[in-house]
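Chemist: The file below is upload-v7.txt, compact mmCIF, C-alpha atoms:
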# COMPACT_ATOMS: atom_id res chain seq x y z
CA MET B 1 -86.94 -57.71 101.63
CA ALA B 2 -85.10 -54.49 102.49
CA GLY B 3 -81.92 -56.16 103.68
CA LYS B 4 -79.14 -57.34 101.43
CA LEU B 5 -75.55 -58.59 101.35
CA VAL B 6 -72.92 -56.42 99.69
CA LEU B 7 -69.52 -57.94 98.90
CA VAL B 8 -67.01 -55.10 99.02
CA ALA B 9 -63.53 -55.44 97.53
CA THR B 10 -60.87 -53.66 99.61
CA PRO B 11 -57.25 -52.66 98.89
CA ILE B 12 -54.60 -55.39 98.73
CA GLY B 13 -51.98 -52.95 99.97
CA ASN B 14 -52.36 -49.38 98.81
CA LEU B 15 -55.27 -47.70 100.60
CA GLY B 16 -55.61 -45.34 97.65
CA ASP B 17 -57.24 -48.23 95.77
CA LEU B 18 -60.39 -48.05 97.93
CA SER B 19 -63.08 -46.88 95.51
CA PRO B 20 -65.68 -44.19 96.26
CA ARG B 21 -68.40 -46.78 95.72
CA ALA B 22 -66.77 -49.08 98.27
CA VAL B 23 -66.71 -46.22 100.80
CA GLU B 24 -70.38 -45.55 100.12
CA ALA B 25 -71.27 -49.22 100.57
CA LEU B 26 -69.44 -49.40 103.89
CA ALA B 27 -71.09 -46.19 105.08
CA ASP B 28 -74.55 -47.49 104.18
CA ALA B 29 -74.10 -50.83 105.93
CA ASP B 30 -75.80 -51.62 109.22
CA VAL B 31 -73.27 -54.38 109.86
CA VAL B 32 -69.79 -54.94 108.42
CA ALA B 33 -68.70 -58.57 108.41
CA CYS B 34 -64.90 -58.88 108.37
CA GLU B 35 -62.00 -61.20 109.03
CA ASP B 36 -60.18 -58.93 111.51
CA THR B 37 -61.98 -56.14 113.35
CA ARG B 38 -58.73 -54.23 113.91
CA ARG B 39 -57.75 -54.14 110.25
CA THR B 40 -61.25 -53.29 109.14
CA GLY B 41 -61.52 -50.65 111.84
CA LYS B 42 -58.42 -48.95 110.43
CA LEU B 43 -59.85 -49.16 106.92
CA LEU B 44 -63.12 -47.58 108.04
CA ALA B 45 -61.23 -44.81 109.83
CA HIS B 46 -59.19 -44.16 106.67
CA ALA B 47 -62.42 -43.94 104.68
CA GLY B 48 -64.00 -41.61 107.24
CA VAL B 49 -66.78 -44.09 107.97
CA SER B 50 -68.21 -44.28 111.48
CA ALA B 51 -67.78 -47.90 112.50
CA PRO B 52 -71.09 -49.78 112.55
CA ARG B 53 -71.44 -53.16 114.23
CA LEU B 54 -68.52 -55.40 113.21
CA LEU B 55 -69.10 -59.13 112.91
CA VAL B 56 -66.15 -61.52 112.62
CA VAL B 57 -66.27 -63.90 109.66
CA ASN B 58 -63.08 -65.91 109.24
CA GLU B 59 -62.21 -69.45 108.19
CA HIS B 60 -63.17 -70.74 111.64
CA THR B 61 -66.45 -68.85 112.10
CA GLU B 62 -67.81 -68.55 108.56
CA LYS B 63 -70.33 -71.39 108.74
CA ALA B 64 -71.92 -70.13 111.94
CA SER B 65 -71.66 -66.48 110.92
CA ALA B 66 -73.31 -67.19 107.57
CA ALA B 67 -76.53 -68.20 109.30
CA GLU B 68 -76.40 -65.13 111.56
CA ILE B 69 -75.85 -62.83 108.58
CA ALA B 70 -78.77 -64.39 106.72
CA ASP B 71 -80.98 -63.73 109.75
CA LEU B 72 -79.79 -60.12 109.97
CA ILE B 73 -80.63 -59.57 106.30
CA VAL B 74 -84.06 -61.17 106.63
CA ALA B 75 -84.64 -58.71 109.48
CA GLY B 76 -83.94 -55.84 107.07
CA ASN B 77 -80.27 -55.10 107.68
CA ILE B 78 -77.70 -54.24 105.02
CA VAL B 79 -74.57 -56.31 105.64
CA ALA B 80 -71.29 -55.42 103.93
CA LEU B 81 -68.79 -58.28 103.74
CA VAL B 82 -65.07 -57.52 103.45
CA THR B 83 -61.90 -59.54 103.91
CA ASP B 84 -58.49 -58.37 105.07
CA ALA B 85 -57.55 -57.59 101.47
CA GLY B 86 -58.99 -58.01 98.01
CA THR B 87 -62.28 -59.49 96.83
CA PRO B 88 -64.32 -61.56 99.32
CA ALA B 89 -64.81 -65.29 98.63
CA VAL B 90 -61.63 -65.61 96.52
CA SER B 91 -59.35 -67.76 98.72
CA ASP B 92 -60.98 -65.87 101.60
CA PRO B 93 -64.24 -66.24 103.54
CA GLY B 94 -67.42 -65.33 101.72
CA ALA B 95 -68.73 -68.22 99.64
CA LYS B 96 -70.68 -69.83 102.49
CA VAL B 97 -72.16 -66.45 103.41
CA VAL B 98 -73.36 -65.87 99.84
CA GLN B 99 -74.93 -69.33 99.75
CA ALA B 100 -76.75 -68.79 103.04
CA VAL B 101 -78.11 -65.41 101.95
CA LEU B 102 -79.28 -66.71 98.58
CA LYS B 103 -80.96 -69.63 100.32
CA VAL B 104 -83.28 -67.25 102.20
CA GLY B 105 -84.07 -65.42 98.99
CA ALA B 106 -82.20 -62.22 99.78
CA GLU B 107 -80.26 -59.96 97.44
CA VAL B 108 -76.51 -60.22 96.95
CA GLU B 109 -74.50 -57.39 95.37
CA ALA B 110 -70.82 -56.96 94.60
CA VAL B 111 -68.75 -53.79 94.69
CA PRO B 112 -65.79 -54.83 92.51
CA GLY B 113 -62.28 -53.63 93.08
CA PRO B 114 -58.80 -54.93 93.91
CA SER B 115 -57.98 -58.56 93.17
CA ALA B 116 -54.50 -59.95 93.73
CA ALA B 117 -55.12 -62.76 91.25
CA LEU B 118 -56.17 -60.52 88.36
CA SER B 119 -53.57 -57.85 89.07
CA ALA B 120 -50.79 -60.45 88.95
CA LEU B 121 -52.20 -62.06 85.83
CA VAL B 122 -52.25 -58.88 83.76
CA VAL B 123 -48.67 -57.89 84.62
CA SER B 124 -47.26 -61.40 84.17
CA GLY B 125 -46.75 -61.17 80.43
CA LEU B 126 -48.39 -64.59 80.02
CA PRO B 127 -51.57 -65.27 78.00
CA THR B 128 -54.70 -63.84 79.63
CA GLY B 129 -57.37 -64.98 77.18
CA ARG B 130 -57.95 -68.19 79.14
CA PHE B 131 -56.77 -68.74 82.70
CA CYS B 132 -57.66 -70.67 85.84
CA PHE B 133 -57.38 -69.66 89.47
CA GLU B 134 -55.96 -72.37 91.75
CA GLY B 135 -55.60 -70.44 95.00
CA PHE B 136 -53.39 -72.27 97.50
CA LEU B 137 -52.23 -75.78 96.65
CA PRO B 138 -53.08 -78.54 99.15
CA LYS B 139 -50.31 -78.58 101.73
CA LYS B 140 -49.34 -82.23 101.53
CA GLY B 141 -50.21 -85.80 100.67
CA ARG B 142 -52.09 -87.27 97.77
CA HIS B 143 -54.29 -84.18 97.32
CA ARG B 144 -51.19 -82.11 96.59
CA THR B 145 -49.71 -84.75 94.28
CA ASP B 146 -52.97 -85.09 92.35
CA ARG B 147 -53.33 -81.32 91.97
CA LEU B 148 -49.77 -80.97 90.69
CA HIS B 149 -50.40 -83.72 88.15
CA ALA B 150 -53.56 -81.96 86.96
CA LEU B 151 -51.66 -78.69 86.60
CA SER B 152 -48.94 -80.37 84.54
CA VAL B 153 -51.41 -80.85 81.68
CA GLU B 154 -53.53 -77.71 82.23
CA PRO B 155 -53.47 -75.70 78.97
CA ARG B 156 -54.62 -72.40 80.50
CA THR B 157 -52.47 -69.87 82.34
CA MET B 158 -52.57 -70.72 86.05
CA VAL B 159 -52.74 -68.31 89.00
CA LEU B 160 -51.77 -69.52 92.47
CA PHE B 161 -51.32 -67.96 95.90
CA GLU B 162 -48.50 -68.92 98.26
CA ALA B 163 -47.19 -67.93 101.66
CA PRO B 164 -43.51 -66.95 101.94
CA HIS B 165 -42.52 -69.89 104.18
CA ARG B 166 -43.89 -72.38 101.62
CA LEU B 167 -42.73 -70.62 98.45
CA ALA B 168 -39.48 -72.55 97.89
CA ARG B 169 -41.15 -75.93 98.33
CA THR B 170 -44.04 -75.04 96.04
CA LEU B 171 -41.74 -73.76 93.30
CA GLY B 172 -39.68 -76.94 93.56
CA ASP B 173 -42.78 -79.12 93.31
CA LEU B 174 -44.11 -77.12 90.35
CA ALA B 175 -40.76 -77.38 88.57
CA SER B 176 -40.72 -81.15 89.06
CA ALA B 177 -44.31 -81.60 87.88
CA LEU B 178 -44.44 -79.06 85.04
CA GLY B 179 -40.83 -78.96 83.91
CA GLY B 180 -38.02 -76.50 84.54
CA ASP B 181 -38.52 -74.70 81.22
CA ARG B 182 -42.13 -73.66 81.93
CA ALA B 183 -42.55 -69.86 82.11
CA ILE B 184 -43.59 -68.26 85.41
CA ALA B 185 -44.08 -64.81 86.88
CA ILE B 186 -43.65 -64.32 90.63
CA VAL B 187 -45.52 -61.26 91.88
CA ARG B 188 -44.73 -60.08 95.40
CA GLU B 189 -46.31 -57.46 97.66
CA GLN B 190 -48.64 -56.01 95.05
CA THR B 191 -49.42 -52.26 95.35
CA LYS B 192 -47.11 -52.02 98.38
CA LEU B 193 -43.79 -50.24 98.83
CA HIS B 194 -41.69 -53.28 97.95
CA GLU B 195 -43.81 -54.55 95.06
CA GLU B 196 -41.80 -56.77 92.72
CA VAL B 197 -42.47 -58.80 89.58
CA TRP B 198 -39.98 -61.48 88.56
CA ARG B 199 -40.33 -63.30 85.23
CA GLY B 200 -38.43 -66.31 83.96
CA THR B 201 -38.47 -70.11 83.81
CA MET B 202 -39.46 -72.44 86.59
CA ALA B 203 -35.88 -73.67 86.99
CA ASP B 204 -34.60 -70.11 87.29
CA ALA B 205 -37.35 -69.34 89.80
CA VAL B 206 -36.20 -72.18 92.06
CA ALA B 207 -32.64 -70.83 91.95
CA GLN B 208 -33.82 -67.25 92.47
CA VAL B 209 -35.81 -68.03 95.59
CA GLY B 210 -32.91 -70.03 97.01
CA GLU B 211 -30.74 -66.91 97.03
CA ALA B 212 -32.76 -64.96 99.61
CA GLU B 213 -35.42 -65.56 102.25
CA PRO B 214 -38.89 -64.98 100.75
CA ARG B 215 -40.84 -62.13 102.35
CA GLY B 216 -44.36 -60.84 101.81
CA GLU B 217 -47.38 -62.21 99.97
CA TYR B 218 -46.86 -64.03 96.67
CA VAL B 219 -48.92 -64.70 93.57
CA LEU B 220 -47.54 -67.19 91.04
CA VAL B 221 -48.65 -66.96 87.41
CA VAL B 222 -47.63 -70.04 85.44
CA ALA B 223 -47.81 -70.69 81.71
CA GLY B 224 -50.18 -73.42 80.61
CA CYS B 225 -49.05 -76.70 79.08
CA PRO B 226 -48.06 -76.13 75.43
CA ASP B 227 -49.82 -78.04 72.67
CA PRO B 228 -47.96 -81.26 71.90
CA ALA B 229 -45.81 -81.28 68.80
CA PRO B 230 -47.43 -83.04 65.83
CA PRO B 231 -46.17 -86.59 65.29
CA SER B 232 -43.28 -86.97 62.86
CA VAL B 233 -43.44 -89.06 59.71
CA PRO B 234 -41.20 -91.76 61.30
CA GLN B 235 -43.58 -91.93 64.29
CA ILE B 236 -46.57 -92.31 61.99
CA ARG B 237 -44.79 -95.03 60.00
CA ALA B 238 -43.92 -96.93 63.19
CA ALA B 239 -47.53 -96.77 64.34
CA LEU B 240 -48.71 -97.98 60.92
CA GLU B 241 -46.35 -100.94 61.03
CA GLU B 242 -47.76 -102.00 64.40
CA ARG B 243 -51.34 -101.81 63.12
CA LEU B 244 -50.50 -103.66 59.91
CA ALA B 245 -48.71 -106.32 61.93
CA ASP B 246 -51.94 -106.80 63.89
CA GLY B 247 -53.62 -107.80 60.64
CA LEU B 248 -55.45 -104.59 59.76
CA SER B 249 -55.84 -103.54 56.16
CA ARG B 250 -53.91 -100.49 54.97
CA ARG B 251 -57.06 -98.36 55.05
CA ASP B 252 -58.13 -99.54 58.50
CA ALA B 253 -54.60 -99.15 59.86
CA ALA B 254 -54.48 -95.58 58.56
CA ALA B 255 -57.80 -94.78 60.21
CA ALA B 256 -56.68 -96.26 63.53
CA VAL B 257 -53.35 -94.42 63.53
CA ALA B 258 -55.05 -91.13 62.59
CA ALA B 259 -57.42 -91.51 65.55
CA ASP B 260 -54.60 -92.45 67.93
CA LEU B 261 -52.28 -89.61 66.94
CA GLY B 262 -54.86 -86.93 66.19
CA VAL B 263 -53.81 -86.40 62.58
CA SER B 264 -55.54 -86.47 59.21
CA ARG B 265 -56.54 -89.96 58.06
CA ARG B 266 -55.82 -88.94 54.46
CA ALA B 267 -52.28 -87.85 55.41
CA VAL B 268 -51.62 -91.13 57.23
CA TYR B 269 -52.94 -93.15 54.29
CA GLN B 270 -50.68 -91.24 51.88
CA ILE B 271 -47.68 -92.05 54.11
CA SER B 272 -48.67 -95.72 54.12
CA LEU B 273 -48.59 -95.77 50.33
CA LYS B 274 -44.97 -94.64 50.32
CA ASP B 275 -43.76 -97.58 52.41
Produce structure tokens that represent the structure in this file.
Modeler:
Amino acid sequence: MAGKLVLVATPIGNLGDLSPRAVEALADADVVACEDTRRTGKLLAHAGVSAPRLLVVNEHTEKASAAEIADLIVAGNIVALVTDAGTPAVSDPGAKVVQAVLKVGAEVEAVPGPSAALSALVVSGLPTGRFCFEGFLPKKGRHRTDRLHALSVEPRTMVLFEAPHRLARTLGDLASALGGDRAIAIVREQTKLHEEVWRGTMADAVAQVGEAEPRGEYVLVVAGCPDPAPPSVPQIRAALEERLADGLSRRDAAAAVAADLGVSRRAVYQISLKD
């Protein structure tokens, strides 16, 4: 099959971030699938690429467009997929298109490049060895509450997107769920003229945002939940007393407490001997 789908990452602000390989991929495409034909048209003009056929793929049309793109590729066309900014299929259209193309047995390639999530992560100053991407939180209701609860115990660094008009509410909800002392980096308008990175605690972030009207696009990078402090000797003794009161032997009580508190059974047994 001569046709294929090429996912092309595009600048998140600074047009200088468009790679030579991305320009080549756009120039080679028979069809460019995009969220907004005007924005993509300007990008193509900047790159010096003669505009091929443009096909709109946004959150409302992706399902229908995915089938059309698959048909185009089966017919031998090269389709380049871009979004308004960044890497396709990351909190943007693209995933359904990839699935449809793979279903017909066609090739899918990626031309990597700008990613708002990764760019914010690496400048945040927070751990990058393990992280999770959460995108946009659910806007309301139980889905939002459940997600916030899950994030409160997430040990990895978390990366979220947020719109300016919802930033204050989201920071307030995160502070309530995760605690005001949790570290956060707020990255605004990446690669653009007014790019800004703010670092501090969640409580300070709530106060900071309350001082001025948020503007631009935001990425929030939040520290993961710290490991719980090991239980103290008094806590272990109290747990032992409860188990012994239930009629367990000293050895069995030590084993049960060790399992409950995640500590060494030998250490718990030694504490029991000192009572």
Chemist: Return as JSON lines the residues of stretch 211-274 of chain B lying at most 10 Å from stretch 190-195 of chain B, together with the closest atom-to-atom pair for each and the distance in Å to one decimal, counting all atoms listed in the file, with rows in chain order and ascending residue number.
Modeler:
{"residue": "B:Arg215", "atom": "CA", "partner": "B:His194", "partner_atom": "CA", "distance": 9.9}
{"residue": "B:Gly216", "atom": "CA", "partner": "B:His194", "partner_atom": "CA", "distance": 8.9}
{"residue": "B:Glu217", "atom": "CA", "partner": "B:Gln190", "partner_atom": "CA", "distance": 8.0}
{"residue": "B:Tyr218", "atom": "CA", "partner": "B:Gln190", "partner_atom": "CA", "distance": 8.4}
{"residue": "B:Val219", "atom": "CA", "partner": "B:Gln190", "partner_atom": "CA", "distance": 8.8}
Chemist: Those same residues - C-alpha atoms - I'd like them written as a PDB file, in the coordinates of the input.
Modeler:
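Contents of out.pdb, as written:
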ATOM      1  CA  ARG B 215     -40.840 -62.130 102.350  1.00  0.00           C
ATOM      2  CA  GLY B 216     -44.360 -60.840 101.810  1.00  0.00           C
ATOM      3  CA  GLU B 217     -47.380 -62.210  99.970  1.00  0.00           C
ATOM      4  CA  TYR B 218     -46.860 -64.030  96.670  1.00  0.00           C
ATOM      5  CA  VAL B 219     -48.920 -64.700  93.570  1.00  0.00           C
TER       6      VAL B 219
END
Chemist: Which of these residues is nearest to B:Cys225, using all atoms listed in the file: B:Val197, B:Val268, B:Val82, B:Leu178?
Modeler: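 Of B:Val197, B:Val268, B:Val82, B:Leu178, the one nearest B:Cys225, counting all atoms listed in the file, is B:Leu178.
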Chemist: Write out as a PyMOL selection string the residues lying within 7 Å of B:Val206, counting only C-alpha atoms and excluding same-chain residues fewer than 2 positions away.
Modeler: chain B and resi 168+171-172+202-204+208-210
Chemist: Would you save the residues of that selection, restricted to C-alpha atoms, as a CSV table (one decimal), in the frame of the given file?
Modeler:
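again34.csv, freshly written:
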chain,number,residue,atom,x,y,z
B,168,ALA,CA,-39.5,-72.6,97.9
B,171,LEU,CA,-41.7,-73.8,93.3
B,172,GLY,CA,-39.7,-76.9,93.6
B,202,MET,CA,-39.5,-72.4,86.6
B,203,ALA,CA,-35.9,-73.7,87.0
B,204,ASP,CA,-34.6,-70.1,87.3
B,208,GLN,CA,-33.8,-67.2,92.5
B,209,VAL,CA,-35.8,-68.0,95.6
B,210,GLY,CA,-32.9,-70.0,97.0
Chemist: Enumerate, as a ChimeraX atom specification, the protein, DNA and RNA residues whose atoms approach (-49.3, -90.4, 61.3) to within 10 Å, taking into account only C-alpha atoms and the coordinate frame of the file.
Modeler: /B:230-240,254-272
Chemist: How would the residues just chosen look if you wrote them out with C-alpha atoms as an mmCIF file, keeping the file's coordinate frame?
Modeler:
data_model
loop_
_atom_site.group_PDB
_atom_site.id
_atom_site.type_symbol
_atom_site.label_atom_id
_atom_site.label_comp_id
_atom_site.auth_asym_id
_atom_site.auth_seq_id
_atom_site.Cartn_x
_atom_site.Cartn_y
_atom_site.Cartn_z
ATOM 1 C CA PRO B 230 -47.430 -83.040 65.830
ATOM 2 C CA PRO B 231 -46.170 -86.590 65.290
ATOM 3 C CA SER B 232 -43.280 -86.970 62.860
ATOM 4 C CA VAL B 233 -43.440 -89.060 59.710
ATOM 5 C CA PRO B 234 -41.200 -91.760 61.300
ATOM 6 C CA GLN B 235 -43.580 -91.930 64.290
ATOM 7 C CA ILE B 236 -46.570 -92.310 61.990
ATOM 8 C CA ARG B 237 -44.790 -95.030 60.000
ATOM 9 C CA ALA B 238 -43.920 -96.930 63.190
ATOM 10 C CA ALA B 239 -47.530 -96.770 64.340
ATOM 11 C CA LEU B 240 -48.710 -97.980 60.920
ATOM 12 C CA ALA B 254 -54.480 -95.580 58.560
ATOM 13 C CA ALA B 255 -57.800 -94.780 60.210
ATOM 14 C CA ALA B 256 -56.680 -96.260 63.530
ATOM 15 C CA VAL B 257 -53.350 -94.420 63.530
ATOM 16 C CA ALA B 258 -55.050 -91.130 62.590
ATOM 17 C CA ALA B 259 -57.420 -91.510 65.550
ATOM 18 C CA ASP B 260 -54.600 -92.450 67.930
ATOM 19 C CA LEU B 261 -52.280 -89.610 66.940
ATOM 20 C CA GLY B 262 -54.860 -86.930 66.190
ATOM 21 C CA VAL B 263 -53.810 -86.400 62.580
ATOM 22 C CA SER B 264 -55.540 -86.470 59.210
ATOM 23 C CA ARG B 265 -56.540 -89.960 58.060
ATOM 24 C CA ARG B 266 -55.820 -88.940 54.460
ATOM 25 C CA ALA B 267 -52.280 -87.850 55.410
ATOM 26 C CA VAL B 268 -51.620 -91.130 57.230
ATOM 27 C CA TYR B 269 -52.940 -93.150 54.290
ATOM 28 C CA GLN B 270 -50.680 -91.240 51.880
ATOM 29 C CA ILE B 271 -47.680 -92.050 54.110
ATOM 30 C CA SER B 272 -48.670 -95.720 54.120
#
Chemist: Which is closest to B:Ile184 among B:Gly141, B:Ala150, B:Phe136, B:Ser124, if we use only C-alpha atoms?
Modeler: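 Counting only C-alpha atoms, the residue closest to B:Ile184 is B:Ser124.
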Chemist: Rounded to one decimal in Å, what is the spacing between atom CA of B:Ala100 and atom CA of B:Ala66?
Modeler: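 It comes out at 5.9 Å.
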Chemist: Rank nothing, just name the residue among B:Asp36, B:Glu189, B:Asp227, B:Asp173 nearest to B:Ala205, using only C-alpha atoms.
Modeler: B:Asp173
Chemist: Would you be able to write out as an mmCIF file with C-alpha atoms, keeping the file's coordinate frame which residues have an atom within 12 Å of (-48.0, -84.9, 92.6) in the file's coordinates, counting all atoms listed in the file?
Modeler:
data_model
loop_
_atom_site.group_PDB
_atom_site.id
_atom_site.type_symbol
_atom_site.label_atom_id
_atom_site.label_comp_id
_atom_site.auth_asym_id
_atom_site.auth_seq_id
_atom_site.Cartn_x
_atom_site.Cartn_y
_atom_site.Cartn_z
ATOM 1 C CA LEU B 137 -52.230 -75.780 96.650
ATOM 2 C CA PRO B 138 -53.080 -78.540 99.150
ATOM 3 C CA LYS B 139 -50.310 -78.580 101.730
ATOM 4 C CA LYS B 140 -49.340 -82.230 101.530
ATOM 5 C CA GLY B 141 -50.210 -85.800 100.670
ATOM 6 C CA ARG B 142 -52.090 -87.270 97.770
ATOM 7 C CA HIS B 143 -54.290 -84.180 97.320
ATOM 8 C CA ARG B 144 -51.190 -82.110 96.590
ATOM 9 C CA THR B 145 -49.710 -84.750 94.280
ATOM 10 C CA ASP B 146 -52.970 -85.090 92.350
ATOM 11 C CA ARG B 147 -53.330 -81.320 91.970
ATOM 12 C CA LEU B 148 -49.770 -80.970 90.690
ATOM 13 C CA HIS B 149 -50.400 -83.720 88.150
ATOM 14 C CA ALA B 150 -53.560 -81.960 86.960
ATOM 15 C CA LEU B 151 -51.660 -78.690 86.600
ATOM 16 C CA SER B 152 -48.940 -80.370 84.540
ATOM 17 C CA THR B 170 -44.040 -75.040 96.040
ATOM 18 C CA GLY B 172 -39.680 -76.940 93.560
ATOM 19 C CA ASP B 173 -42.780 -79.120 93.310
ATOM 20 C CA LEU B 174 -44.110 -77.120 90.350
ATOM 21 C CA ALA B 175 -40.760 -77.380 88.570
ATOM 22 C CA SER B 176 -40.720 -81.150 89.060
ATOM 23 C CA ALA B 177 -44.310 -81.600 87.880
ATOM 24 C CA LEU B 178 -44.440 -79.060 85.040
#
Chemist: So which one's closest to B:Pro214, B:Arg130, B:Arg250, B:Arg166, B:Arg243? Using all atoms listed in the file, please.
Modeler: B:Arg166
Chemist: Please, what distance in Å, to one decimal, runs between atom CA of B:Leu55 and atom CA of B:Ser19?
Modeler: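 Computing the Euclidean distance for atom CA of B:Leu55 and atom CA of B:Ser19 yields 22.1 Å.
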Chemist: Which residues are near B:Ala27? Cut-off 7 Å, all atoms listed in the file, ignore same chain within fewer than 3 positions. Put them as a list in words.
Modeler: Val23, Glu24 and Val49 of chain B
Chemist: Mind giving me the straight-line distance from atom CA of B:Gly3 to atom CA of B:Gly94 in Å, one decimal?
Modeler: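 Separation between atom CA of B:Gly3 and atom CA of B:Gly94: 17.3 Å.
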Chemist: Could you check which of B:Val104, B:Val153, B:Ala185, B:Leu72 is closest to B:Leu121, using only C-alpha atoms?
Modeler: B:Ala185
Chemist: Could you check the closest approach to B:Pro228 for each of B:Pro114, B:Ala163, B:Ala89, B:Pro155 and tell me which residue wins, using all atoms listed in the file?
Modeler: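 Among the listed residues, the smallest separation from B:Pro228 belongs to B:Pro155.
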Chemist: To box stretch 192-211 of chain B, take all atoms listed in the file, fit an axis-aligned box, add 4 Å on each side, and give centre and edge lengths in Å to one decimal, as AutoDock Vina command-line options.
Modeler:
--center_x -38.9 --center_y -62.0 --center_z 91.3 --size_x 24.4 --size_y 31.4 --size_z 23.0
Chemist: For stretch 30-43 of chain B, supply N, CA, C and O atoms and format the output as a tab-separated table (two decimals), in the frame of the given file.
Modeler:
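As written to disk, result_18.tsv reads:
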chain	number	residue	atom	x	y	z
B	30	ASP	N	-75.43	-51.54	107.80
B	30	ASP	CA	-75.80	-51.62	109.22
B	30	ASP	C	-74.81	-52.49	109.97
B	30	ASP	O	-74.57	-52.28	111.16
B	31	VAL	N	-74.26	-53.45	109.28
B	31	VAL	CA	-73.27	-54.38	109.86
B	31	VAL	C	-72.17	-54.59	108.83
B	31	VAL	O	-72.44	-54.73	107.63
B	32	VAL	N	-70.92	-54.60	109.29
B	32	VAL	CA	-69.79	-54.94	108.42
B	32	VAL	C	-69.20	-56.25	108.91
B	32	VAL	O	-68.73	-56.34	110.06
B	33	ALA	N	-69.28	-57.27	108.08
B	33	ALA	CA	-68.70	-58.57	108.41
B	33	ALA	C	-67.26	-58.58	107.89
B	33	ALA	O	-67.01	-58.23	106.74
B	34	CYS	N	-66.32	-58.99	108.73
B	34	CYS	CA	-64.90	-58.88	108.37
B	34	CYS	C	-64.08	-59.98	109.01
B	34	CYS	O	-64.51	-60.61	109.97
B	35	GLU	N	-62.90	-60.19	108.47
B	35	GLU	CA	-62.00	-61.20	109.03
B	35	GLU	C	-61.37	-60.73	110.34
B	35	GLU	O	-61.23	-61.49	111.29
B	36	ASP	N	-60.92	-59.48	110.37
B	36	ASP	CA	-60.18	-58.93	111.51
B	36	ASP	C	-60.75	-57.55	111.83
B	36	ASP	O	-60.65	-56.64	111.01
B	37	THR	N	-61.33	-57.40	113.00
B	37	THR	CA	-61.98	-56.14	113.35
B	37	THR	C	-60.98	-54.99	113.44
B	37	THR	O	-61.31	-53.84	113.14
B	38	ARG	N	-59.73	-55.29	113.81
B	38	ARG	CA	-58.73	-54.23	113.91
B	38	ARG	C	-58.36	-53.69	112.54
B	38	ARG	O	-58.29	-52.47	112.33
B	39	ARG	N	-58.11	-54.58	111.60
B	39	ARG	CA	-57.75	-54.14	110.25
B	39	ARG	C	-58.90	-53.40	109.58
B	39	ARG	O	-58.71	-52.36	108.94
B	40	THR	N	-60.10	-53.94	109.75
B	40	THR	CA	-61.25	-53.29	109.14
B	40	THR	C	-61.56	-51.97	109.82
B	40	THR	O	-61.97	-51.00	109.17
B	41	GLY	N	-61.33	-51.92	111.13
B	41	GLY	CA	-61.52	-50.65	111.84
B	41	GLY	C	-60.61	-49.56	111.30
B	41	GLY	O	-61.02	-48.41	111.13
B	42	LYS	N	-59.36	-49.92	111.01
B	42	LYS	CA	-58.42	-48.95	110.43
B	42	LYS	C	-58.86	-48.52	109.03
B	42	LYS	O	-58.73	-47.35	108.66
B	43	LEU	N	-59.38	-49.48	108.26
B	43	LEU	CA	-59.85	-49.16	106.92
B	43	LEU	C	-61.03	-48.19	106.98
B	43	LEU	O	-61.10	-47.22	106.22
